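Notes follow once the structure below has been shown.
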Amino acid sequence: QDIDWRSGTLRVKGKGRSESLLPLPQDAGDAVLCYLNDARPAVDDDRMFLTATAPFRPFCGSPSISQIVSHALTRAGIEDPPSRGANLLRHSAATHLLRSGATLQSVGALLRHKSVETTVLYAKADITMLERIAQPWPGEVSC
């Protein structure tokens with residue numbers, strides 16, 4: 001119900017019962033269709049993503065996603081990530097977008113931040129980008 005295939009949009013529900021309508025790029029839509037046709041268990045449930053092992057059921061919230069992220073980090077041998085939960089996915093996406101040239105405003109809109117000050121927290125991870133926009137210190141530098 002949250003995907004409008006004709007208009008290529010995805011409705012995302014967030015905190016505080018907020019909803020956003022986001023574009024669904026062709027490659028992401030293709031991946032969803034591939035999942036639905038080839039990987040999703042054939043059970044009578046209108047939710048798209050289900051657990052991978054029986055009994056097939058919907059995820060019960062962010063703790064389920066956090067457990068999957070933590071397990072994947074352990075399997076990958078990553079011992080000291082900045083987070084072990086679902087928020088690591090948001091942080092990774094934001095960092096990648098910023099490194100790819102996205103603006104803080106566009107990343108904030110995607111993550112549905114109410115304030116750019118919240119999005120600024122992700123900028124500290126990209127030292128290269130910060131060096132490009134940093135202004136020289138006014139006056140003489142004493143060492």
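A note on labels: chains of the structure tokens are A, B, ... as shown, every chain counts residues from 1, and ligands are counted from 1 in their shown order.
Residues of chain A assigned to strand (DSSP E or B) by DSSP on this structure's backbone: A:Ile3, A:Asp4, A:Thr9, A:Leu10, A:Arg11, A:Val12, A:Lys13, A:Glu19, A:Ser20, A:Leu21, A:Leu22, A:Pro23, A:Leu50, A:Pro58.
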request  = Using DSSP on the backbone coordinates, identify all residues within region 13-138 of chain A classified as helix (DSSP H, G or I); present the result as number ranges by chain.
outcome  = A: 15-17, 26-39, 62-76, 87-99, 104-111, 116-123, 127-133
ask   = Using only C-alpha atoms, which residues sit within 12 Å of Ser92 (chain A) once same-chain residues fewer than 5 positions away are excluded, as a ChimeraX atom specification?
value = /A:69,81-87,97-99,107,111,122-123,125-126
Write the residues you've just listed into a file as a compact mmCIF listing (two decimals), in the first residue's frame, and include all heavy atoms for each of them.
```txt
# COMPACT_ATOMS: atom_id res chain seq x y z
N VAL A 69 21.49 -5.74 12.36
CA VAL A 69 22.70 -4.93 12.16
C VAL A 69 23.83 -5.44 13.05
O VAL A 69 24.96 -5.62 12.60
CB VAL A 69 22.41 -3.44 12.43
CG1 VAL A 69 23.69 -2.63 12.45
CG2 VAL A 69 21.45 -2.88 11.38
N PRO A 81 32.21 -0.37 15.99
CA PRO A 81 31.44 0.57 15.17
C PRO A 81 30.91 1.71 16.04
O PRO A 81 30.81 1.57 17.27
CB PRO A 81 30.30 -0.28 14.64
CG PRO A 81 30.08 -1.30 15.71
CD PRO A 81 31.47 -1.60 16.25
N PRO A 82 30.55 2.84 15.43
CA PRO A 82 30.01 3.95 16.22
C PRO A 82 28.67 3.61 16.85
O PRO A 82 28.27 4.23 17.83
CB PRO A 82 29.85 5.08 15.20
CG PRO A 82 29.91 4.43 13.87
CD PRO A 82 30.67 3.16 14.02
N SER A 83 27.99 2.61 16.32
CA SER A 83 26.71 2.16 16.86
C SER A 83 26.52 0.72 16.42
O SER A 83 27.06 0.29 15.41
CB SER A 83 25.58 3.04 16.29
OG SER A 83 24.33 2.43 16.50
N ARG A 84 25.76 -0.03 17.16
CA ARG A 84 25.50 -1.41 16.77
C ARG A 84 24.05 -1.60 16.36
O ARG A 84 23.62 -2.70 16.08
CB ARG A 84 25.83 -2.36 17.91
CG ARG A 84 27.30 -2.38 18.27
CD ARG A 84 27.68 -3.60 19.08
NE ARG A 84 27.77 -4.81 18.29
CZ ARG A 84 28.80 -5.15 17.53
NH1 ARG A 84 29.83 -4.35 17.42
NH2 ARG A 84 28.80 -6.28 16.86
N GLY A 85 23.28 -0.54 16.35
CA GLY A 85 21.85 -0.68 16.10
C GLY A 85 21.40 -0.14 14.77
O GLY A 85 22.19 0.17 13.88
N ALA A 86 20.08 -0.03 14.66
CA ALA A 86 19.46 0.43 13.42
C ALA A 86 19.91 1.82 13.04
O ALA A 86 19.97 2.16 11.85
CB ALA A 86 17.94 0.39 13.58
N ASN A 87 20.27 2.65 14.00
CA ASN A 87 20.71 4.01 13.70
C ASN A 87 21.99 4.02 12.86
O ASN A 87 22.26 4.98 12.15
CB ASN A 87 20.92 4.81 14.99
CG ASN A 87 21.02 6.29 14.71
OD1 ASN A 87 20.15 6.84 14.04
ND2 ASN A 87 22.06 6.91 15.19
N LEU A 97 25.84 9.93 1.51
CA LEU A 97 25.23 10.99 0.71
C LEU A 97 26.05 12.27 0.78
O LEU A 97 26.27 12.93 -0.25
CB LEU A 97 23.80 11.25 1.21
CG LEU A 97 22.79 10.16 0.87
CD1 LEU A 97 21.51 10.35 1.66
CD2 LEU A 97 22.52 10.15 -0.62
N LEU A 98 26.52 12.63 1.96
CA LEU A 98 27.33 13.84 2.10
C LEU A 98 28.64 13.71 1.32
O LEU A 98 29.06 14.65 0.65
CB LEU A 98 27.61 14.13 3.58
CG LEU A 98 26.41 14.62 4.38
CD1 LEU A 98 26.73 14.64 5.87
CD2 LEU A 98 25.96 16.00 3.90
N ARG A 99 29.27 12.55 1.39
CA ARG A 99 30.52 12.33 0.65
C ARG A 99 30.30 12.34 -0.85
O ARG A 99 31.22 12.58 -1.62
CB ARG A 99 31.17 11.03 1.09
CG ARG A 99 31.77 11.12 2.47
CD ARG A 99 32.45 9.85 2.88
NE ARG A 99 33.02 10.03 4.22
CZ ARG A 99 33.30 9.04 5.03
NH1 ARG A 99 33.09 7.79 4.67
NH2 ARG A 99 33.80 9.29 6.22
N VAL A 107 19.96 15.86 2.81
CA VAL A 107 20.11 14.71 3.70
C VAL A 107 19.13 14.84 4.86
O VAL A 107 18.47 13.86 5.24
CB VAL A 107 21.56 14.58 4.21
CG1 VAL A 107 21.68 13.51 5.28
CG2 VAL A 107 22.50 14.27 3.05
N LEU A 111 16.20 12.15 5.83
CA LEU A 111 16.13 11.54 7.16
C LEU A 111 14.98 12.10 7.99
O LEU A 111 14.76 11.67 9.13
CB LEU A 111 17.45 11.74 7.91
CG LEU A 111 18.67 11.06 7.28
CD1 LEU A 111 19.92 11.38 8.07
CD2 LEU A 111 18.48 9.57 7.15
N TYR A 122 26.05 14.63 11.30
CA TYR A 122 26.61 13.70 10.34
C TYR A 122 27.78 14.30 9.58
O TYR A 122 28.60 13.58 9.04
CB TYR A 122 25.54 13.24 9.35
CG TYR A 122 24.45 12.45 10.00
CD1 TYR A 122 23.19 12.99 10.20
CD2 TYR A 122 24.67 11.15 10.42
CE1 TYR A 122 22.18 12.26 10.80
CE2 TYR A 122 23.68 10.41 11.03
CZ TYR A 122 22.43 10.97 11.21
OH TYR A 122 21.45 10.24 11.81
N ALA A 123 27.87 15.62 9.51
CA ALA A 123 28.94 16.28 8.76
C ALA A 123 30.30 16.06 9.40
O ALA A 123 31.32 16.06 8.70
CB ALA A 123 28.66 17.77 8.62
N ALA A 125 31.69 13.55 10.33
CA ALA A 125 32.33 12.31 9.88
C ALA A 125 33.10 12.51 8.58
O ALA A 125 33.94 11.70 8.23
CB ALA A 125 31.29 11.22 9.70
N ASP A 126 32.83 13.59 7.87
CA ASP A 126 33.46 13.79 6.56
C ASP A 126 34.47 14.92 6.63
O ASP A 126 34.19 16.06 6.27
CB ASP A 126 32.39 14.07 5.50
CG ASP A 126 32.94 13.91 4.09
OD1 ASP A 126 34.17 13.92 3.93
OD2 ASP A 126 32.14 13.75 3.17
```
message = For a quick check of understanding, using only C-alpha atoms, which of A:Thr9, A:Met48, A:Ser115, A:Asp38 has the smallest distance to Gln26 (chain A)?
response = A:Thr9
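Here CA of Leu22 (chain A) and CA of Leu10 (chain A) stand 5.2 Å from one another.
Proximity to Ala52 (chain A) was assessed for A:Asn37, A:Ile68, A:Pro138, A:Ser18 counting only C-alpha atoms; the smallest distance is recorded for A:Ile68.
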key: Of the listed residues A:His91, A:Arg6, A:His71, A:Arg17, that which approaches Thr118 (chain A) most closely, counting only C-alpha atoms   =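 For Thr118 (chain A), the nearest of the given residues is A:His91.
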A:Asp27, A:Asp45, A:Glu19, A:Glu117 ranked by distance to Arg57 (chain A), top pick (using only C-alpha atoms) =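 Of A:Asp27, A:Asp45, A:Glu19, A:Glu117, the one nearest Arg57 (chain A), counting only C-alpha atoms, is A:Asp45.
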key: Å distance separating CA of Gln105 (chain A) from CA of Gly8 (chain A), one decimal place   =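 Here the two named atoms are 22.3 Å from each other.
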